[in-house]
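This report concerns only the one structure given below.
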Number of protein chains: 2
Amino acid sequence: MADELTLDRVMAAAARLVGVVHRTPVLTSTTLDQRCGGHVLLKAEPFQRTGSFKFRGAYNRLTLLEPAQWDAGVVAFSSGNHGAAVALAARLLGIRAVVVVPANGSRAKLAAIDGYGAELRRYDPATETREEVAASIAADRGLTLIRPFDDYDVMAGQGTIGVELADQAPDVQLVLVPIGGGGLAAGVSTAITGLLPGAAVIGVEPANAGDTARSMRAGHRVTIPEPDTLADGLRATEPGELTFGVNSRLLKDVVTVTEEAIVDAMRFCFERLKIVVEPSGAVPLAALLSGVVGAADRTAVVLSGGNIAPADFAGIVAG
Amino acid sequence: MADELTLDRVMAAAARLVGVVHRTPVLTSTTLDQRCGGHVLLKAEPFQRTGSFKFRGAYNRLTLLEPAQWDAGVVAFSSGNHGAAVALAARLLGIRAVVVVPANGSRAKLAAIDGYGAELRRYDPATETREEVAASIAADRGLTLIRPFDDYDVMAGQGTIGVELADQAPDVQLVLVPIGGGGLAAGVSTAITGLLPGAAVIGVEPANAGDTARSMRAGHRVTIPEPDTLADGLRATEPGELTFGVNSRLLKDVVTVTEEAIVDAMRFCFERLKIVVEPSGAVPLAALLSGVVGAADRTAVVLSGGNIAPADFAGIVAG
């Protein structure tokens with residue numbers, strides 16, 4: 001297969017993931033429809049295995065390892081959803097996995113990765129970078145590095161959300177997705193524009209982590225300072241090279257939302273939708289609720305994940 | 001139709017509710033399956049309109065009003081889910097509704113009922129009973145009292161959960177439902193035993209509100225002191241007369257769970273399932289997680305509602 005992201009590559013991923021990933025439900029809310037002035041379909045990835053969409057891409061990527069790579073094992077760097085996703089996918093496939101995590105990372109998230117059976121390698125963010133630690137472990141032990149987003153097979157796995165959506169809501173006109181590194185947006189936009197030619201996909205970032213929005217305006221990848229946002233899954237400082245190539249071509253637009261709008265969207269998910277959504281996962285809904293993006297007659301919103309520490313969630317909903 | 005609860009009456013309710021109620025999803029979790037030692041199917045009524053199953057019964061009941069009753073309007077007493085359900089059903093059908101609520105009730109719940117357009121009638125629990133206030137309003141204004149559970153058409157509406165389950169999970173062997181007044185259990189057991197003759201239905205109560213469990217053992221309705229339980233929707237002091245007639249015949253068993261088990265189940269719903277479930281709604285899952293009921297190969301659990309004040313939820317999950 002040529003090294004590019006195509007609809008065929010996403011469809012092949014979808015075939016591999018049948019019976020392994022949860023086909024997540026599309027939820028609706030009359031209150032939400034009334035507030036937005038259009039019918040809104042919520043693709044609920046908090047109900048995905050490991051609590052976020054990341055499991056789709058990780059599993060797809062791991063099934064495509066060469067036999068020698070499979071035997072040697074994999075390494076990933078992540079303190080959050082990608083780490084848990086690689087850990088579970090590796091366990092299901094019988095592959096050894098090392099996950100490089102910050103020594104000061106959230107105990108709950110590290111416990112989840114540990115619980116899925118991965119070997120944790122802690123690093124000190126003050127003196128090391130996770131990329132260097134992971135590269136060094138990969139070289140020393142012959143492990144394959146599983147990138148969180150800048151890999152076409154990871155993107156293809158995330159794109160299976162778009163394949164399911166096209167089946168669950170074939171009349172959708174607009175799809176909103178969060179953008180961190182851009183893997184989810186690249187996969188979903190490839191699937192949606194391929195399967196539903198009339199539909200548009202818009203990416204949403206926190207205003208405080210607007211690297212892709214700025215890069216889209218500039219026409220090339222722009223690096224921003226370390227972002228300060230609640231949306232810890234979207235703190236990329238620049239778009240991926242491969243993801244930006246796809247997203248700059250296929251996304252209709254990339255917009256940004258405030259931290260207040262993210263908190264409002266999380267509370268709406270709690271109070272009215274009864275879904276636990278993490279800050280990163282609430283970002284596209286924030287765009288709709290705050291009016292940054294107007295609803296189409298039928299708009300789908302990807303709620304990308306629900307992993308948040310109990311105390312953090314309590315502080316936000318009770319705040 | 002004879003005044004009894006039959007499968008036909010539940011099926012007629014299901015036909016009336018198509019396109020009005022949400023057909024709620026059945027969610028699954030590999031972690032839950034591993035912990036329980038069987039495949040568990042979660043029927044997620046927090047995603048129902050008004051946030052609980054109560055909307056099903058209220059809407060079905062209201063559609064069956066006589067023309068003169070329809071014109072005059074209805075009254076209900078409830079500080080919670082039944083009040084919101086009657087309020088929304090009445091608004092959708094163009095019926096005037098009065099909801100009798102305690103003056104010291106939760107502001108969030110009263111605001112929800114008010115938001116659905118019902119007239120609130122506050123009473124002082126220290127000097128009046130809600131039953132008396134509602135009866136007096138009904139008499140003065142010619143309104144029809146909509147009972148929360150002891151009414152066959154309300155039960156038939158709740159039973160549509162069982163109709164959906166039988167379609168979504170036809171191989172289910174065991175269904176767990178919460179019991180307060182018993183309307184949900186009566187409706188679901190009528191549907192499940194009628195549609196899936198091999199399947200059993202077990203009711204679950206808080207140990208601190210075990211009126212139906214005690215009544216089942218006694219063979220007649222027993223009254224208990226005012227219950228002290230987090231599960232505010234299950235604080236009935238005795239089973240309904242009509243519901244007990246159905247439940248004593250159709251339920252395989254009624255079991256009880258501790259307050260600690262209820263809190264554990266709510267946390268499990270938050271951390272692993274990403275669903276907001278209120279204490280009453282978590283009671284059947286508590287029975288499964290605490291081992292009070294052993295899982296069958298395929299067990300369905302009705303998560304009956306998700307309405308809880310943000311501060312209360314925060315206290316429980318962060319606790």
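As shown in the structure tokens, the chain order sets the letters A, B, ...; within each chain, residues go from 1, and ligands are also counted from 1 in the order they appear.
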Could you give me, as JSON, numbers by chain, the residues within 9 Å of stretch 7-17 of chain A, counting only C-alpha atoms and dropping anything in the same chain fewer than 6 positions from it?
{"A": [1, 56, 57, 59, 60, 61, 63, 152, 153, 155, 156, 157, 158, 159, 160, 161, 163, 164, 187, 188, 190, 191, 192, 193, 194, 195]}
Check which residues of chain B sit at most 9 Å from chain A using only C-alpha atoms, and return one row each with the closest pair of atoms and their distance in Å to one decimal, ordered by chain and rising number, as CSV.
residue,atom,partner,partner_atom,distance
B:His22,CA,A:Thr28,CA,8.3
B:Thr24,CA,A:Leu27,CA,8.5
B:Pro25,CA,A:Pro25,CA,6.9
B:Val26,CA,A:Pro25,CA,8.8
B:Leu27,CA,A:Phe47,CA,7.8
B:Thr28,CA,A:His22,CA,8.3
B:Ser29,CA,A:Arg49,CA,7.5
B:Thr30,CA,A:Arg49,CA,7.7
B:Thr31,CA,A:Arg49,CA,8.9
B:Pro46,CA,A:Lys274,CA,6.1
B:Phe47,CA,A:Leu273,CA,6.4
B:Gln48,CA,A:Ser29,CA,8.7
B:Arg49,CA,A:Ser29,CA,7.5
B:Thr50,CA,A:Arg272,CA,8.4
B:Gly51,CA,A:Arg272,CA,7.4
B:Arg267,CA,A:Pro310,CA,8.8
B:Phe270,CA,A:Val276,CA,6.7
B:Glu271,CA,A:Pro310,CA,7.6
B:Arg272,CA,A:Gly51,CA,7.4
B:Leu273,CA,A:Phe47,CA,6.4
B:Lys274,CA,A:Val276,CA,4.7
B:Ile275,CA,A:Ile275,CA,4.8
B:Val276,CA,A:Lys274,CA,4.7
B:Val277,CA,A:Lys274,CA,7.4
B:Gly306,CA,A:Lys274,CA,6.1
B:Asn307,CA,A:Glu271,CA,7.6
B:Ile308,CA,A:Glu271,CA,8.2
B:Ala309,CA,A:Glu271,CA,8.2
B:Pro310,CA,A:Ala318,CA,5.0
B:Ala311,CA,A:Ala318,CA,4.9
B:Asp312,CA,A:Ala318,CA,8.4
B:Phe313,CA,A:Ala314,CA,7.4
B:Ala314,CA,A:Ala314,CA,4.2
B:Gly315,CA,A:Ala314,CA,7.2
B:Ile316,CA,A:Ala314,CA,8.8
B:Val317,CA,A:Pro310,CA,5.7
B:Ala318,CA,A:Ala311,CA,4.9
B:Gly319,CA,A:Ala311,CA,8.3
May I have the selected residues written with N, CA, C and O atoms, as a short mmCIF file (atom, residue, chain, number, x, y, z; two decimals), in the first residue's frame?
data_model
loop_
_atom_site.label_atom_id
_atom_site.label_comp_id
_atom_site.auth_asym_id
_atom_site.auth_seq_id
_atom_site.Cartn_x
_atom_site.Cartn_y
_atom_site.Cartn_z
N HIS B 22 -36.80 7.93 23.81
CA HIS B 22 -35.55 7.44 23.21
C HIS B 22 -35.50 5.93 23.40
O HIS B 22 -35.74 5.43 24.50
N THR B 24 -33.24 3.61 24.28
CA THR B 24 -31.92 3.81 24.90
C THR B 24 -30.96 2.69 24.53
O THR B 24 -31.37 1.54 24.34
N PRO B 25 -29.67 3.00 24.46
CA PRO B 25 -28.70 1.99 24.04
C PRO B 25 -28.43 0.97 25.14
O PRO B 25 -28.64 1.22 26.32
N VAL B 26 -27.96 -0.19 24.72
CA VAL B 26 -27.44 -1.21 25.63
C VAL B 26 -25.92 -1.13 25.54
O VAL B 26 -25.36 -1.35 24.48
N LEU B 27 -25.29 -0.78 26.65
CA LEU B 27 -23.83 -0.62 26.66
C LEU B 27 -23.18 -1.84 27.28
O LEU B 27 -23.77 -2.51 28.13
N THR B 28 -21.94 -2.10 26.85
CA THR B 28 -21.20 -3.23 27.41
C THR B 28 -19.80 -2.76 27.81
O THR B 28 -19.33 -1.71 27.35
N SER B 29 -19.17 -3.52 28.68
CA SER B 29 -17.84 -3.18 29.16
C SER B 29 -17.08 -4.47 29.43
O SER B 29 -17.52 -5.30 30.21
N THR B 30 -15.94 -4.61 28.77
CA THR B 30 -15.13 -5.82 28.97
C THR B 30 -14.69 -5.93 30.43
O THR B 30 -14.68 -7.01 31.01
N THR B 31 -14.34 -4.80 31.01
CA THR B 31 -13.93 -4.78 32.42
C THR B 31 -15.04 -5.30 33.32
O THR B 31 -14.81 -6.09 34.23
N PRO B 46 -30.41 6.64 31.91
CA PRO B 46 -30.02 8.04 32.09
C PRO B 46 -30.12 8.83 30.79
O PRO B 46 -30.27 10.05 30.82
N PHE B 47 -30.06 8.12 29.64
CA PHE B 47 -30.15 8.81 28.35
C PHE B 47 -31.60 8.97 27.89
O PHE B 47 -31.85 9.45 26.79
N GLN B 48 -32.54 8.56 28.72
CA GLN B 48 -33.96 8.75 28.38
C GLN B 48 -34.32 10.23 28.53
O GLN B 48 -33.66 10.97 29.26
N ARG B 49 -35.36 10.67 27.87
CA ARG B 49 -35.83 12.05 28.03
C ARG B 49 -36.17 12.29 29.49
O ARG B 49 -36.72 11.43 30.16
N THR B 50 -35.85 13.44 30.01
CA THR B 50 -35.94 13.85 31.41
C THR B 50 -34.92 13.10 32.29
O THR B 50 -34.91 13.29 33.51
N GLY B 51 -34.07 12.26 31.72
CA GLY B 51 -33.00 11.63 32.49
C GLY B 51 -33.37 10.40 33.28
O GLY B 51 -32.57 9.93 34.09
N ARG B 267 -19.45 4.88 41.49
CA ARG B 267 -18.07 5.18 41.10
C ARG B 267 -17.63 4.34 39.91
O ARG B 267 -16.92 4.82 39.03
N PHE B 270 -18.96 5.88 36.87
CA PHE B 270 -18.18 7.07 36.52
C PHE B 270 -16.82 6.70 35.92
O PHE B 270 -16.47 7.13 34.83
N GLU B 271 -16.07 5.87 36.64
CA GLU B 271 -14.67 5.64 36.26
C GLU B 271 -14.52 4.72 35.05
O GLU B 271 -13.66 4.94 34.22
N ARG B 272 -15.34 3.68 34.98
CA ARG B 272 -15.13 2.68 33.95
C ARG B 272 -16.16 2.77 32.84
O ARG B 272 -15.84 2.48 31.70
N LEU B 273 -17.39 3.15 33.18
CA LEU B 273 -18.43 3.15 32.15
C LEU B 273 -18.67 4.55 31.59
O LEU B 273 -19.26 4.69 30.52
N LYS B 274 -18.25 5.58 32.31
CA LYS B 274 -18.41 6.97 31.85
C LYS B 274 -19.86 7.41 31.74
O LYS B 274 -20.23 8.21 30.88
N ILE B 275 -20.70 6.84 32.60
CA ILE B 275 -22.12 7.22 32.62
C ILE B 275 -22.43 7.84 33.98
O ILE B 275 -21.99 7.33 35.02
N VAL B 276 -23.20 8.90 33.97
CA VAL B 276 -23.69 9.50 35.21
C VAL B 276 -24.95 8.74 35.62
O VAL B 276 -25.95 8.76 34.90
N VAL B 277 -24.88 8.06 36.75
CA VAL B 277 -26.02 7.30 37.25
C VAL B 277 -26.34 7.80 38.65
O VAL B 277 -25.44 8.02 39.46
N GLY B 306 -30.31 9.11 35.76
CA GLY B 306 -29.04 9.81 35.97
C GLY B 306 -29.20 11.19 36.56
O GLY B 306 -28.32 12.03 36.39
N ASN B 307 -30.30 11.43 37.28
CA ASN B 307 -30.51 12.78 37.80
C ASN B 307 -29.97 12.91 39.22
O ASN B 307 -30.51 12.35 40.16
N ILE B 308 -28.92 13.69 39.35
CA ILE B 308 -28.31 13.92 40.66
C ILE B 308 -27.66 15.30 40.63
O ILE B 308 -27.09 15.71 39.61
N ALA B 309 -27.77 16.02 41.76
CA ALA B 309 -27.21 17.37 41.82
C ALA B 309 -25.69 17.30 41.68
O ALA B 309 -25.06 16.38 42.19
N PRO B 310 -25.11 18.29 40.98
CA PRO B 310 -23.66 18.25 40.75
C PRO B 310 -22.85 18.09 42.04
O PRO B 310 -21.91 17.29 42.08
N ALA B 311 -23.22 18.81 43.09
CA ALA B 311 -22.44 18.73 44.33
C ALA B 311 -22.54 17.34 44.95
O ALA B 311 -21.55 16.81 45.48
N ASP B 312 -23.71 16.73 44.89
CA ASP B 312 -23.87 15.38 45.43
C ASP B 312 -23.02 14.38 44.63
O ASP B 312 -22.36 13.51 45.20
N PHE B 313 -23.06 14.53 43.32
CA PHE B 313 -22.28 13.61 42.49
C PHE B 313 -20.79 13.80 42.75
O PHE B 313 -20.04 12.83 42.89
N ALA B 314 -20.38 15.04 42.83
CA ALA B 314 -18.97 15.33 43.06
C ALA B 314 -18.51 14.70 44.38
O ALA B 314 -17.44 14.11 44.47
N GLY B 315 -19.35 14.82 45.41
CA GLY B 315 -19.00 14.27 46.71
C GLY B 315 -18.84 12.75 46.65
O GLY B 315 -17.96 12.18 47.29
N ILE B 316 -19.66 12.11 45.86
CA ILE B 316 -19.62 10.65 45.78
C ILE B 316 -18.42 10.17 44.96
O ILE B 316 -17.68 9.29 45.39
N VAL B 317 -18.19 10.75 43.79
CA VAL B 317 -17.10 10.21 42.97
C VAL B 317 -15.73 10.63 43.48
O VAL B 317 -14.76 9.89 43.33
N ALA B 318 -15.65 11.80 44.10
CA ALA B 318 -14.33 12.24 44.59
C ALA B 318 -14.07 11.70 45.99
O ALA B 318 -12.94 11.68 46.45
N GLY B 319 -15.16 11.27 46.68
CA GLY B 319 -15.06 10.81 48.06
C GLY B 319 -13.97 9.78 48.25
O GLY B 319 -13.58 9.43 49.30
#
Can you pull out the residues contacting stretch 279-281 of chain A? Cut-off 10 Å, using only C-alpha atoms, and skip same-chain residues under 4 positions away; I want them as a PyMOL selection string.
chain A and resi 44-46+52-53+177-180+204-206+229-235+259+262-263+265-266+285-286+301-308+313+316
What are the DSSP strand (DSSP E) residues of stretch 114-263 of chain B, as a PyMOL selection string?
chain B and resi 119-123+144-145+174-178+200-206+253-257
Who sits within 9 Å of B:Gly115, only C-alpha atoms, same chain under 3 positions skipped, as a PDB file with C-alpha atoms, in the first residue's frame:
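New file selection-v5.pdb:
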ATOM      1  CA  ALA B  84     -40.246  15.925  35.588  1.00  0.00           C
ATOM      2  CA  ALA B  87     -44.317  17.785  33.290  1.00  0.00           C
ATOM      3  CA  LEU B  88     -42.631  17.003  29.975  1.00  0.00           C
ATOM      4  CA  LEU B 110     -37.640  21.874  41.003  1.00  0.00           C
ATOM      5  CA  ALA B 111     -36.018  23.975  38.294  1.00  0.00           C
ATOM      6  CA  ALA B 112     -36.173  21.006  35.913  1.00  0.00           C
ATOM      7  CA  ALA B 118     -45.525  22.530  34.850  1.00  0.00           C
TER       8      ALA B 118
END
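Shortest atom-to-atom contact with A:Ala209 among A:Ala185, A:Leu165, A:Leu176, A:Val283: A:Val283, counting only C-alpha atoms.
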Might you pull out every residue within 9 Å of stretch 251-257 of chain B, with only C-alpha atoms counted and same-chain residues fewer than 2 positions away left off, and present them as an MDAnalysis selection string?
chainID B and resid 179 185:186 189 200:210 212:214 216 246:249 259:262 283:284 286:287 290 292:293
